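Data block for structure-v3.cif (mmCIF, C-alpha atoms):
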data_my_file
#
loop_
_atom_site.label_atom_id
_atom_site.label_comp_id
_atom_site.auth_asym_id
_atom_site.auth_seq_id
_atom_site.Cartn_x
_atom_site.Cartn_y
_atom_site.Cartn_z
CA MET Q 39 81.74 222.63 113.43
CA LYS Q 40 84.33 223.40 110.78
CA ASP Q 41 87.19 221.67 112.59
CA LEU Q 42 86.36 218.01 112.02
CA SER Q 43 88.42 215.26 113.53
CA VAL Q 44 90.97 213.58 111.29
CA PRO Q 45 89.07 210.26 111.08
CA LEU Q 46 85.86 211.93 109.87
CA GLN Q 47 87.78 214.05 107.37
CA SER Q 48 89.47 210.88 106.12
CA ILE Q 49 86.08 209.24 105.63
CA ILE Q 50 84.73 212.23 103.74
CA ASP Q 51 87.80 212.17 101.47
CA THR Q 52 87.11 208.55 100.46
CA LEU Q 53 83.45 209.01 99.50
CA THR Q 54 82.60 208.19 95.90
CA PRO Q 55 80.03 210.00 93.74
CA THR Q 56 77.67 207.10 94.50
CA SER Q 57 78.26 207.59 98.24
CA TRP Q 58 77.34 211.25 97.92
CA GLU Q 59 74.24 210.34 95.89
CA LEU Q 60 73.09 207.91 98.59
CA LEU Q 61 73.81 210.39 101.37
CA GLU Q 62 71.73 213.03 99.58
CA LEU Q 63 68.91 210.54 98.94
CA ILE Q 64 68.80 209.47 102.59
CA ASN Q 65 68.84 213.12 103.66
CA THR Q 66 65.89 214.04 101.44
CA SER Q 67 63.96 210.79 101.99
CA PRO Q 68 64.60 209.56 105.52
CA GLU Q 69 63.56 206.07 106.54
CA LEU Q 70 63.98 204.52 103.10
CA ASN Q 71 64.75 200.84 103.38
CA PHE Q 72 67.36 198.91 101.40
CA TYR Q 73 64.91 197.80 98.71
CA GLU Q 74 63.59 201.35 98.21
CA ILE Q 75 67.12 202.75 97.97
CA ARG Q 76 68.06 200.15 95.36
CA LYS Q 77 64.91 200.94 93.40
CA GLU Q 78 65.65 204.70 93.48
CA THR Q 79 69.29 204.35 92.46
CA ASN Q 80 69.29 201.28 90.20
CA LEU Q 81 72.37 199.97 92.02
CA SER Q 82 73.14 196.28 92.24
CA GLN Q 83 72.53 194.66 95.61
CA GLU Q 84 76.27 194.29 96.22
CA LYS Q 85 77.13 197.89 95.25
CA CYS Q 86 74.27 199.33 97.29
CA TYR Q 87 75.21 197.30 100.36
CA LYS Q 88 78.88 198.31 100.02
CA GLU Q 89 78.08 202.02 99.75
CA LEU Q 90 75.58 201.95 102.64
CA SER Q 91 78.16 200.12 104.75
CA ARG Q 92 80.75 202.78 103.90
CA LEU Q 93 78.35 205.53 105.00
CA GLU Q 94 77.25 203.72 108.14
CA GLY Q 95 80.83 202.80 109.06
CA GLY Q 96 81.76 206.46 108.69
CA VAL Q 97 78.93 207.48 111.03
CA LEU Q 98 77.33 209.51 108.23
CA ILE Q 99 74.11 207.48 108.36
CA THR Q 100 72.52 205.18 110.89
CA SER Q 101 70.23 202.23 110.38
CA ASN Q 102 67.04 201.66 112.30
CA ARG Q 103 66.52 198.05 113.21
CA LYS Q 104 63.42 196.09 114.07
CA PHE Q 105 63.60 195.26 117.77
CA SER Q 106 62.28 191.72 117.39
CA ASP Q 107 64.77 190.35 114.85
CA LYS Q 108 67.28 193.17 114.22
CA ARG Q 109 66.46 193.55 110.53
CA ILE Q 110 67.18 196.99 109.11
CA ILE Q 111 63.95 198.85 108.40
CA GLY Q 112 65.33 202.23 107.35
CA TYR Q 113 68.27 204.61 107.20
CA LYS Q 114 68.67 208.13 108.59
CA ILE Q 115 71.38 210.72 108.15
CA THR Q 116 73.44 211.68 111.22
CA LYS Q 117 74.64 215.15 112.21
CA PHE Q 118 78.04 214.24 110.73
CA GLY Q 119 76.33 213.28 107.48
CA LEU Q 120 74.60 216.66 107.42
CA VAL Q 121 77.93 218.43 107.99
CA ALA Q 122 79.45 216.43 105.14
CA LEU Q 123 76.63 217.40 102.77
CA GLU Q 124 76.52 221.04 103.80
CA GLN Q 125 80.24 221.77 103.96
CA TYR Q 126 82.19 219.10 102.11
CA LYS Q 127 80.15 217.86 99.15
CA PRO Q 128 82.34 218.27 96.04
CA GLN Q 129 81.26 221.17 93.84
CA SER Q 130 81.26 218.89 90.81
CA LEU Q 131 78.34 216.99 92.39
CA VAL Q 132 76.25 220.02 93.40
#
Using structure tokens, write down the structure that the file contains.
Amino acid sequence: MKDLSVPLQSIIDTLTPTSWELLELINTSPELNFYEIRKETNLSQEKCYKELSRLEGGVLITSNRKFSDKRIIGYKITKFGLVALEQYKPQSLV
């Protein structure tokens, strides 16, 4: 899966060190909710939401929602997120 589409490559190119940190955290600790992620990373609510939105918009993570009221109850990495971590994570962050 080395030949990624241009849109996914463009998304990977715009990830920040914080984005990579969150992607790694979600990969190693699936199903963390927003509060738990904030607690782990010490990010502000606004910054955490922005970075999670960037990852979810880029199809690198997905959110699991409660059926009854659609609240997000956890995040999981997607296959594209795994490819990003395995093949495209900047060496300076390894």
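Each of Q:Glu69, Q:Glu89, Q:Glu74, Q:Glu124 was compared to Leu53 of chain Q using all atoms listed in the file, and Q:Glu89 turns out to be the nearest.
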Inset, instruction - Check the smallest atom-to-atom distance from each of Q:Gln125, Q:Ser48, Q:Thr54, Q:Cys86 to Asn71 of chain Q using only C-alpha atoms, then report the winner. - result: Q:Cys86
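Atom pair atom CA of Ile49 of chain Q / atom CA of Gln83 of chain Q has a distance of 22.3 Å (rounded to one decimal).
Candidate residues Q:Ser101, Q:Gly96, Q:Asp107, Q:Leu120 were compared for distance to Pro45 of chain Q, and the nearest is Q:Gly96, using only C-alpha atoms.
Distances here use only C-alpha atoms; by that measure, the residue among Q:Leu46, Q:Pro128, Q:Ile110, Q:Val97 closest to Glu59 of chain Q is Q:Pro128.
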Legend entry - atom CA of Lys127 of chain Q to atom CA of Phe72 of chain Q, straight-line distance in Å: 23.0 Å
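The coordinates place atom CA of Thr79 of chain Q at 9.0 Å from atom CA of Leu63 of chain Q.
With only C-alpha atoms taken into account, the protein and nucleic acid residues at most 12 Å from Gly112 of chain Q (excluding it and anything under 5 positions from it in its own chain) are Ile64, Ser67, Pro68, Glu69, Leu70, Asn71, Phe72, Tyr73, Glu74, Ile75, Leu90, Ile99, Thr100, Ser101, Asn102, Arg103 and Lys104 of chain Q.
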Output segment 89-123 of chain Q as a PDB file, in the coordinates of the input, making sure N, CA and C atoms are there.
ATOM      1  N   GLU Q  89      78.126 200.564  99.544  1.00  0.00           N
ATOM      2  CA  GLU Q  89      78.080 202.020  99.750  1.00  0.00           C
ATOM      3  C   GLU Q  89      77.366 202.382 101.053  1.00  0.00           C
ATOM      4  N   LEU Q  90      76.273 201.687 101.370  1.00  0.00           N
ATOM      5  CA  LEU Q  90      75.580 201.950 102.640  1.00  0.00           C
ATOM      6  C   LEU Q  90      76.475 201.588 103.816  1.00  0.00           C
ATOM      7  N   SER Q  91      77.223 200.515 103.689  1.00  0.00           N
ATOM      8  CA  SER Q  91      78.160 200.120 104.750  1.00  0.00           C
ATOM      9  C   SER Q  91      79.245 201.164 104.931  1.00  0.00           C
ATOM     10  N   ARG Q  92      79.731 201.723 103.829  1.00  0.00           N
ATOM     11  CA  ARG Q  92      80.750 202.780 103.900  1.00  0.00           C
ATOM     12  C   ARG Q  92      80.198 203.989 104.666  1.00  0.00           C
ATOM     13  N   LEU Q  93      78.961 204.380 104.335  1.00  0.00           N
ATOM     14  CA  LEU Q  93      78.350 205.530 105.000  1.00  0.00           C
ATOM     15  C   LEU Q  93      78.053 205.256 106.465  1.00  0.00           C
ATOM     16  N   GLU Q  94      77.564 204.059 106.752  1.00  0.00           N
ATOM     17  CA  GLU Q  94      77.250 203.720 108.140  1.00  0.00           C
ATOM     18  C   GLU Q  94      78.533 203.555 108.956  1.00  0.00           C
ATOM     19  N   GLY Q  95      79.547 202.956 108.372  1.00  0.00           N
ATOM     20  CA  GLY Q  95      80.830 202.800 109.060  1.00  0.00           C
ATOM     21  C   GLY Q  95      81.482 204.140 109.348  1.00  0.00           C
ATOM     22  N   GLY Q  96      81.223 205.115 108.499  1.00  0.00           N
ATOM     23  CA  GLY Q  96      81.760 206.460 108.690  1.00  0.00           C
ATOM     24  C   GLY Q  96      80.895 207.336 109.568  1.00  0.00           C
ATOM     25  N   VAL Q  97      79.854 206.783 110.140  1.00  0.00           N
ATOM     26  CA  VAL Q  97      78.930 207.480 111.030  1.00  0.00           C
ATOM     27  C   VAL Q  97      78.229 208.638 110.311  1.00  0.00           C
ATOM     28  N   LEU Q  98      78.045 208.500 108.996  1.00  0.00           N
ATOM     29  CA  LEU Q  98      77.330 209.510 108.230  1.00  0.00           C
ATOM     30  C   LEU Q  98      75.842 209.193 108.139  1.00  0.00           C
ATOM     31  N   ILE Q  99      75.508 207.918 108.281  1.00  0.00           N
ATOM     32  CA  ILE Q  99      74.110 207.480 108.360  1.00  0.00           C
ATOM     33  C   ILE Q  99      74.002 206.463 109.492  1.00  0.00           C
ATOM     34  N   THR Q 100      72.791 206.221 109.894  1.00  0.00           N
ATOM     35  CA  THR Q 100      72.520 205.180 110.890  1.00  0.00           C
ATOM     36  C   THR Q 100      71.356 204.342 110.386  1.00  0.00           C
ATOM     37  N   SER Q 101      71.340 203.097 110.789  1.00  0.00           N
ATOM     38  CA  SER Q 101      70.230 202.230 110.380  1.00  0.00           C
ATOM     39  C   SER Q 101      69.308 202.006 111.563  1.00  0.00           C
ATOM     40  N   ASN Q 102      68.033 201.985 111.280  1.00  0.00           N
ATOM     41  CA  ASN Q 102      67.040 201.660 112.300  1.00  0.00           C
ATOM     42  C   ASN Q 102      66.709 200.190 112.150  1.00  0.00           C
ATOM     43  N   ARG Q 103      66.743 199.489 113.250  1.00  0.00           N
ATOM     44  CA  ARG Q 103      66.520 198.050 113.210  1.00  0.00           C
ATOM     45  C   ARG Q 103      65.243 197.677 113.935  1.00  0.00           C
ATOM     46  N   LYS Q 104      64.605 196.649 113.429  1.00  0.00           N
ATOM     47  CA  LYS Q 104      63.420 196.090 114.070  1.00  0.00           C
ATOM     48  C   LYS Q 104      63.866 195.449 115.381  1.00  0.00           C
ATOM     49  N   PHE Q 105      63.200 195.761 116.454  1.00  0.00           N
ATOM     50  CA  PHE Q 105      63.600 195.260 117.770  1.00  0.00           C
ATOM     51  C   PHE Q 105      63.530 193.736 117.836  1.00  0.00           C
ATOM     52  N   SER Q 106      62.508 193.155 117.243  1.00  0.00           N
ATOM     53  CA  SER Q 106      62.280 191.720 117.390  1.00  0.00           C
ATOM     54  C   SER Q 106      63.343 190.848 116.730  1.00  0.00           C
ATOM     55  N   ASP Q 107      63.803 191.223 115.537  1.00  0.00           N
ATOM     56  CA  ASP Q 107      64.770 190.350 114.850  1.00  0.00           C
ATOM     57  C   ASP Q 107      65.976 191.095 114.275  1.00  0.00           C
ATOM     58  N   LYS Q 108      66.117 192.358 114.592  1.00  0.00           N
ATOM     59  CA  LYS Q 108      67.280 193.170 114.220  1.00  0.00           C
ATOM     60  C   LYS Q 108      67.432 193.459 112.730  1.00  0.00           C
ATOM     61  N   ARG Q 109      66.387 193.190 111.942  1.00  0.00           N
ATOM     62  CA  ARG Q 109      66.460 193.550 110.530  1.00  0.00           C
ATOM     63  C   ARG Q 109      66.432 195.070 110.379  1.00  0.00           C
ATOM     64  N   ILE Q 110      67.160 195.558 109.381  1.00  0.00           N
ATOM     65  CA  ILE Q 110      67.180 196.990 109.110  1.00  0.00           C
ATOM     66  C   ILE Q 110      65.866 197.381 108.433  1.00  0.00           C
ATOM     67  N   ILE Q 111      65.219 198.412 108.982  1.00  0.00           N
ATOM     68  CA  ILE Q 111      63.950 198.850 108.400  1.00  0.00           C
ATOM     69  C   ILE Q 111      64.042 200.254 107.796  1.00  0.00           C
ATOM     70  N   GLY Q 112      65.169 200.913 107.951  1.00  0.00           N
ATOM     71  CA  GLY Q 112      65.330 202.230 107.350  1.00  0.00           C
ATOM     72  C   GLY Q 112      66.658 202.858 107.717  1.00  0.00           C
ATOM     73  N   TYR Q 113      67.019 203.895 106.978  1.00  0.00           N
ATOM     74  CA  TYR Q 113      68.270 204.610 107.200  1.00  0.00           C
ATOM     75  C   TYR Q 113      67.974 206.080 107.453  1.00  0.00           C
ATOM     76  N   LYS Q 114      68.794 206.706 108.306  1.00  0.00           N
ATOM     77  CA  LYS Q 114      68.670 208.130 108.590  1.00  0.00           C
ATOM     78  C   LYS Q 114      70.055 208.750 108.564  1.00  0.00           C
ATOM     79  N   ILE Q 115      70.113 210.005 108.170  1.00  0.00           N
ATOM     80  CA  ILE Q 115      71.380 210.720 108.150  1.00  0.00           C
ATOM     81  C   ILE Q 115      71.720 211.170 109.575  1.00  0.00           C
ATOM     82  N   THR Q 116      72.998 211.213 109.909  1.00  0.00           N
ATOM     83  CA  THR Q 116      73.440 211.680 111.220  1.00  0.00           C
ATOM     84  C   THR Q 116      73.860 213.145 111.120  1.00  0.00           C
ATOM     85  N   LYS Q 117      74.183 213.754 112.254  1.00  0.00           N
ATOM     86  CA  LYS Q 117      74.640 215.150 112.210  1.00  0.00           C
ATOM     87  C   LYS Q 117      75.955 215.260 111.443  1.00  0.00           C
ATOM     88  N   PHE Q 118      76.790 214.220 111.496  1.00  0.00           N
ATOM     89  CA  PHE Q 118      78.040 214.240 110.730  1.00  0.00           C
ATOM     90  C   PHE Q 118      77.754 214.134 109.227  1.00  0.00           C
ATOM     91  N   GLY Q 119      76.734 213.369 108.870  1.00  0.00           N
ATOM     92  CA  GLY Q 119      76.330 213.280 107.480  1.00  0.00           C
ATOM     93  C   GLY Q 119      75.826 214.616 106.955  1.00  0.00           C
ATOM     94  N   LEU Q 120      75.084 215.331 107.800  1.00  0.00           N
ATOM     95  CA  LEU Q 120      74.600 216.660 107.420  1.00  0.00           C
ATOM     96  C   LEU Q 120      75.760 217.629 107.217  1.00  0.00           C
ATOM     97  N   VAL Q 121      76.742 217.581 108.122  1.00  0.00           N
ATOM     98  CA  VAL Q 121      77.930 218.430 107.990  1.00  0.00           C
ATOM     99  C   VAL Q 121      78.647 218.114 106.684  1.00  0.00           C
ATOM    100  N   ALA Q 122      78.788 216.839 106.384  1.00  0.00           N
ATOM    101  CA  ALA Q 122      79.450 216.430 105.140  1.00  0.00           C
ATOM    102  C   ALA Q 122      78.724 217.006 103.931  1.00  0.00           C
ATOM    103  N   LEU Q 123      77.404 216.880 103.906  1.00  0.00           N
ATOM    104  CA  LEU Q 123      76.630 217.400 102.770  1.00  0.00           C
ATOM    105  C   LEU Q 123      76.698 218.917 102.669  1.00  0.00           C
TER     106      LEU Q 123
END
